[in-house]
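Here the structure is laid out as structure tokens; the discussion comes afterwards.
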There are 2 protein chains.
Amino acid sequence: MRAVDRAYSLIREGILAGRHEPGERLGEAELAELTETSRTPVREALRQLEMEGLVEVLPHRGARVAEWTAADLEEIYDLRAMLEAFAAERAASRIEPKDIDRMAELCEFMEQTARAGATQDLDRVAELNAEFHGLVRAAAASTRLVTMLNAVVQLPLVVRTFHRYSPADLERSCAHHRDLVAALRAGDALWAQSVMRSHVLAAKAVLLRATRAQIGTDTSEARNS
Amino acid sequence: MRAVDRAYSLIREGILAGRHEPGERLGEAELAELTETSRTPVREALRQLEMEGLVEVLPHRGARVAEWTAADLEEIYDLRAMLEAFAAERAASRIEPKDIDRMAELCEFMEQTARAGATQDLDRVAELNAEFHGLVRAAAASTRLVTMLNAVVQLPLVVRTFHRYSPADLERSCAHHRDLVAALRAGDALWAQSVMRSHVLAAKAVLLRATRAQIGTDTSEARNS
DNA sequence: GATAGCTAAATTGCGTGCAATCGATCGAGC
DNA sequence: GCTCGATCGATTGCACGCAATTTAGCTATC
């Protein structure tokens with residue numbers, strides 16, 4: 001495997017997993033040591049991550065992990081709602097029955113894994129959810145669309161979003177998934193598009209509620225300190 | 001100015017202007033000479049262009065200018081229709097009167113410059129058109145959206161698109177622009193969104209008609225040779 | 001005590017050299 | 001004559017080193 005790819009993946013993963021916090025400085029030498037390569041591949045990886053919007057590079061000043069404001073988040077979710085809806089619309093006329101079956105199966109698994117109790121595993125739910133949405137995107141058969149979606153989905157705050165869901169939120173999310181499966185099985189593009197849009201906008205509402213609460217505690221903490 | 005930026009701009013410009021044809025091989029040494037730098041900044045620039053989708057780089061095999069099929073073009077214009085519509089929707093509630101005035105002014109200029117005759121200048125029309133659409137995007141106030149739009153607008157085939165327009169097409173395009181100005185002045189997001197979507201889908205129809213004709217001649221030429 | 005200027009350390013920008021890999025040409029075997 | 005394999009040339013991948021720039025710390029002056 002090429003050193004550039006290794007560096008790119010490792011740094012990216014580190015940001016998404018929250019190992020590098022937003023605003024954190026990313027020194028080239030430091031990253032070179034972390035990825036066990038030299039600065040050359042690290043610099044190329046940083047350029048890619050810059051185009052992806054995950055890091056910010058200032059001339060002669062180095063790279064930092066990008067930061068997102070509440071306004072950014074709202075903007076991002078609106079974009080995502082539109083893009084995912086478009087993907088669902090295209091998928092409706094292209095997806096194959098076996099993929100719909102798999103999506104239905106994923107619904108089952110998610111409902112089991114999301115149910116409150118000892119067997120609940122939100123990280124597993126996130127994985128299943130990723131596969132579910134991945135199938136829709138794959139069926140949309142548009143590489144550019146997938147690229148764009150990655151830019152608004154693969155963000156630190158979005159990736160770990162299920163931990164902010166209440167039991168009712170989770171249940172609702174699963175219900176949306178069921179609706180989407182039905183819409184796709186019917187081959188109804190308008191229906192699929194509408195369900196997907198609602199689904200993402202519901203997720204936006206949950207996230208904004210959660211972050212507003214967080215910001216609330218943050219500011220109070222700031223006042224206390 | 002940094003060598004990376006110079007290399008990036010030059011290569012990008014070269015592709016958009018058609019100086020590098022789709023599918024053409026882009027050797028690092030060759031580009032280094034062209035941009036008057038070394039291979040290091042060229043490699044970084046190529047990584048950026050790869051993320052943008054303008055070039056394709058294969059490991060150990062170098063970079064090529066990306067190629068677009070008719071299916072890609074259709075996909076790209078559908079994406080663009082959605083993204084530009086979304087931008088117009090957001091712009092409707094954010095754009096300032098002076099920018100709307102400027103857009104109206106640009107409509108005037110475009111109508112004059114597009115009119116058939118000795119004063120017609122399609123490159124100038126393209127410039128004015130770019131500024132017109134740029135104002136909408138700027139008013140949308142979403143950096144991510146702008147990035148995504150660039151990915152589907154800044155393509156060789158799209159940039160020089162006005163040369164494929166018939167006088168009737170040009171007239172219709174200008175009429176759409178007038179409609180959009182009216183919608184924005186009314187602050188009507190739904191209207192603005194609808195006009196913009198129609199506008200882009202009309203452009204798509206023109207381009208597909210033109211390229212289908214072109215492909216027709218291309219294949220006949222291929223048969224003859 | 002605050003600010004402006006200066007110096008030095010750290011970091012980025014980029015050119016260069018060498019090893020690894022790919023493709024093309026040539027030759028051997030069927 | 002055709003296919004398969006090997007060698008050579010060309011190109012990419014990567015590490016390293018030096019120059020350029022920034023920033024932090026220090027000193028001197030107001």
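Just remember, in the structure tokens the first chain shown is A, the second B, etc., residues are 1-based per chain, and ligands are 1-based in the order shown.
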Spatial neighbours of His177 (chain A), 9 Å, only C-alpha atoms (C1' of nucleotides), chain gap at least 2 places, as an NGL selection string = :A and (103-104 or 107 or 132 or 172-175 or 179-182 or 195-196 or 199)
Please, which residues of region 90-137 of chain A, numbered as in this document, come out alpha helix (DSSP H) from DSSP, as an MDAnalysis selection string?
-> chainID A and resid 90:92 97:114 122:137
Tell me as a tab-separated table (two decimals) with C-alpha atoms, in the first residue's frame which residues belonging to chain B come within 7 Å of chain A, counting only C-alpha atoms.
chain	number	residue	atom	x	y	z
B	44	GLU	CA	0.29	18.12	-4.63
B	47	ARG	CA	-3.93	15.37	-5.68
B	48	GLN	CA	-6.21	18.39	-5.33
B	51	MET	CA	-10.34	15.19	-5.38
B	148	MET	CA	-20.13	21.22	-4.81
May I ask you to extract the residues of chain A within 10 Å of chain C, using only C-alpha atoms (C1' of nucleotides), and to give them as a PDB file with N, CA and C atoms, in the first residue's frame?
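See part_21.pdb below for the written result:
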ATOM      1  N   GLY A  27       0.743  19.201  12.800  1.00  0.00           N
ATOM      2  CA  GLY A  27       2.112  19.413  12.308  1.00  0.00           C
ATOM      3  C   GLY A  27       2.511  18.307  11.356  1.00  0.00           C
ATOM      4  N   GLU A  28       3.227  18.677  10.312  1.00  0.00           N
ATOM      5  CA  GLU A  28       3.604  17.687   9.306  1.00  0.00           C
ATOM      6  C   GLU A  28       4.547  16.643   9.887  1.00  0.00           C
ATOM      7  N   ALA A  29       5.512  17.093  10.657  1.00  0.00           N
ATOM      8  CA  ALA A  29       6.484  16.163  11.251  1.00  0.00           C
ATOM      9  C   ALA A  29       5.773  15.188  12.182  1.00  0.00           C
ATOM     10  N   PRO A  59      -1.207  28.990   4.248  1.00  0.00           N
ATOM     11  CA  PRO A  59       0.169  29.036   3.727  1.00  0.00           C
ATOM     12  C   PRO A  59       1.182  29.372   4.822  1.00  0.00           C
ATOM     13  N   HIS A  60       2.215  28.590   4.900  1.00  0.00           N
ATOM     14  CA  HIS A  60       3.315  28.803   5.854  1.00  0.00           C
ATOM     15  C   HIS A  60       2.877  28.688   7.309  1.00  0.00           C
ATOM     16  N   ARG A  61       1.634  28.295   7.527  1.00  0.00           N
ATOM     17  CA  ARG A  61       1.142  28.233   8.901  1.00  0.00           C
ATOM     18  C   ARG A  61       0.680  26.821   9.264  1.00  0.00           C
ATOM     19  N   GLY A  62       0.612  25.939   8.282  1.00  0.00           N
ATOM     20  CA  GLY A  62       0.282  24.556   8.572  1.00  0.00           C
ATOM     21  C   GLY A  62      -1.200  24.248   8.563  1.00  0.00           C
TER      22      GLY A  62
END
Identify every residue of chain D that has at least one atom within 9 Å of any atom of chain A, counting only C-alpha atoms (C1' of nucleotides), and report the result as a PyMOL selection string.
-> chain D and resi 13-16+21-22
Resulting file, chosen residues, C-alpha atoms (C1' of nucleotides), as an mmCIF file, in the first residue's frame:
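New file part-v2.cif:
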data_model
loop_
_atom_site.group_PDB
_atom_site.id
_atom_site.type_symbol
_atom_site.label_atom_id
_atom_site.label_comp_id
_atom_site.auth_asym_id
_atom_site.auth_seq_id
_atom_site.Cartn_x
_atom_site.Cartn_y
_atom_site.Cartn_z
ATOM 1 C "C1'" DG D 13 6.743 7.154 -5.023
ATOM 2 C "C1'" DC D 14 9.153 8.704 -1.277
ATOM 3 C "C1'" DA D 15 12.847 10.408 1.794
ATOM 4 C "C1'" DC D 16 15.922 14.040 2.743
ATOM 5 C "C1'" DT D 21 8.636 32.371 6.380
ATOM 6 C "C1'" DT D 22 6.319 32.635 10.642
#
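Take CA of Arg124 (chain B) and CA of Met110 (chain B): the distance between them is 8.2 Å.
Close contacts of Pro156 (chain A), defined as residues with an atom at most 9 Å away when counting only C-alpha atoms (C1' of nucleotides), with chain neighbours fewer than 2 positions off set aside, comprise Ile15, Leu16, Ala17, Gly18, Glu21, Pro22, Val153, Gln154, Val158, Val159, Arg160 and Thr161 of chain A.
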Go ahead and write the residues just picked, N, CA and C atoms, as a JSON list (two decimals), in the first residue's frame.
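Saved file out_5.json follows:
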[["chain", "number", "residue", "atom", "x", "y", "z"],
["A", 15, "ILE", "N", -9.48, 12.00, 12.61],
["A", 15, "ILE", "CA", -10.38, 13.16, 12.74],
["A", 15, "ILE", "C", -11.82, 12.70, 12.97],
["A", 16, "LEU", "N", -12.28, 11.75, 12.16],
["A", 16, "LEU", "CA", -13.66, 11.28, 12.28],
["A", 16, "LEU", "C", -13.92, 10.63, 13.63],
["A", 17, "ALA", "N", -12.94, 9.90, 14.12],
["A", 17, "ALA", "CA", -13.11, 9.22, 15.41],
["A", 17, "ALA", "C", -12.95, 10.18, 16.58],
["A", 18, "GLY", "N", -12.57, 11.41, 16.29],
["A", 18, "GLY", "CA", -12.43, 12.40, 17.35],
["A", 18, "GLY", "C", -11.08, 12.37, 18.03],
["A", 21, "GLU", "N", -9.10, 16.73, 17.66],
["A", 21, "GLU", "CA", -10.25, 17.60, 17.88],
["A", 21, "GLU", "C", -10.29, 18.74, 16.87],
["A", 22, "PRO", "N", -11.50, 19.25, 16.60],
["A", 22, "PRO", "CA", -11.62, 20.42, 15.72],
["A", 22, "PRO", "C", -10.76, 21.57, 16.23],
["A", 153, "VAL", "N", -21.52, 13.99, 5.17],
["A", 153, "VAL", "CA", -21.90, 12.93, 6.11],
["A", 153, "VAL", "C", -20.72, 12.50, 6.95],
["A", 154, "GLN", "N", -19.55, 12.46, 6.33],
["A", 154, "GLN", "CA", -18.38, 11.99, 7.05],
["A", 154, "GLN", "C", -17.75, 13.13, 7.83],
["A", 158, "VAL", "N", -21.32, 14.13, 12.90],
["A", 158, "VAL", "CA", -22.38, 13.35, 12.28],
["A", 158, "VAL", "C", -22.19, 11.86, 12.53],
["A", 159, "VAL", "N", -20.93, 11.45, 12.51],
["A", 159, "VAL", "CA", -20.64, 10.02, 12.61],
["A", 159, "VAL", "C", -21.14, 9.43, 13.93],
["A", 160, "ARG", "N", -20.93, 10.15, 15.01],
["A", 160, "ARG", "CA", -21.30, 9.62, 16.33],
["A", 160, "ARG", "C", -22.68, 10.09, 16.77],
["A", 161, "THR", "N", -23.52, 10.39, 15.80],
["A", 161, "THR", "CA", -24.77, 11.07, 16.10],
["A", 161, "THR", "C", -25.77, 10.22, 16.87]]
Please give the complete set of residues from region 12-210 of chain B that DSSP, run on the backbone, assigns to strand (DSSP E or B), formatted as a PyMOL selection string.
-> chain B and resi 25-26+55-58+62-65
Go ahead and save the residues from that selection, with N, CA and C atoms, as a PDB file, in the first residue's frame.
ATOM      1  N   ARG B  25      -2.704  12.176 -21.135  1.00  0.00           N
ATOM      2  CA  ARG B  25      -1.785  11.841 -20.063  1.00  0.00           C
ATOM      3  C   ARG B  25      -1.108  13.104 -19.543  1.00  0.00           C
ATOM      4  N   LEU B  26      -0.994  13.198 -18.208  1.00  0.00           N
ATOM      5  CA  LEU B  26      -0.353  14.358 -17.604  1.00  0.00           C
ATOM      6  C   LEU B  26       0.891  13.904 -16.845  1.00  0.00           C
ATOM      7  N   VAL B  55      -9.020  15.314 -12.721  1.00  0.00           N
ATOM      8  CA  VAL B  55      -8.037  14.353 -13.222  1.00  0.00           C
ATOM      9  C   VAL B  55      -8.210  13.040 -12.483  1.00  0.00           C
ATOM     10  N   GLU B  56      -7.656  12.014 -13.076  1.00  0.00           N
ATOM     11  CA  GLU B  56      -7.750  10.670 -12.541  1.00  0.00           C
ATOM     12  C   GLU B  56      -6.319  10.206 -12.368  1.00  0.00           C
ATOM     13  N   VAL B  57      -5.916   9.799 -11.183  1.00  0.00           N
ATOM     14  CA  VAL B  57      -4.547   9.317 -11.023  1.00  0.00           C
ATOM     15  C   VAL B  57      -4.569   7.860 -10.602  1.00  0.00           C
ATOM     16  N   LEU B  58      -3.807   7.052 -11.333  1.00  0.00           N
ATOM     17  CA  LEU B  58      -3.690   5.629 -11.007  1.00  0.00           C
ATOM     18  C   LEU B  58      -2.321   5.391 -10.408  1.00  0.00           C
ATOM     19  N   GLY B  62       0.436   7.333 -13.092  1.00  0.00           N
ATOM     20  CA  GLY B  62       0.342   8.743 -13.409  1.00  0.00           C
ATOM     21  C   GLY B  62      -1.071   9.270 -13.549  1.00  0.00           C
ATOM     22  N   ALA B  63      -1.168  10.527 -13.970  1.00  0.00           N
ATOM     23  CA  ALA B  63      -2.447  11.224 -14.013  1.00  0.00           C
ATOM     24  C   ALA B  63      -2.931  11.376 -15.443  1.00  0.00           C
ATOM     25  N   ARG B  64      -4.242  11.351 -15.607  1.00  0.00           N
ATOM     26  CA  ARG B  64      -4.865  11.623 -16.905  1.00  0.00           C
ATOM     27  C   ARG B  64      -5.994  12.612 -16.666  1.00  0.00           C
ATOM     28  N   VAL B  65      -6.313  13.385 -17.686  1.00  0.00           N
ATOM     29  CA  VAL B  65      -7.485  14.253 -17.608  1.00  0.00           C
ATOM     30  C   VAL B  65      -8.725  13.367 -17.625  1.00  0.00           C
TER      31      VAL B  65
END
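One distance worth recording is that between CA of Pro167 (chain B) and CA of Ala81 (chain B), which is 22.4 Å.
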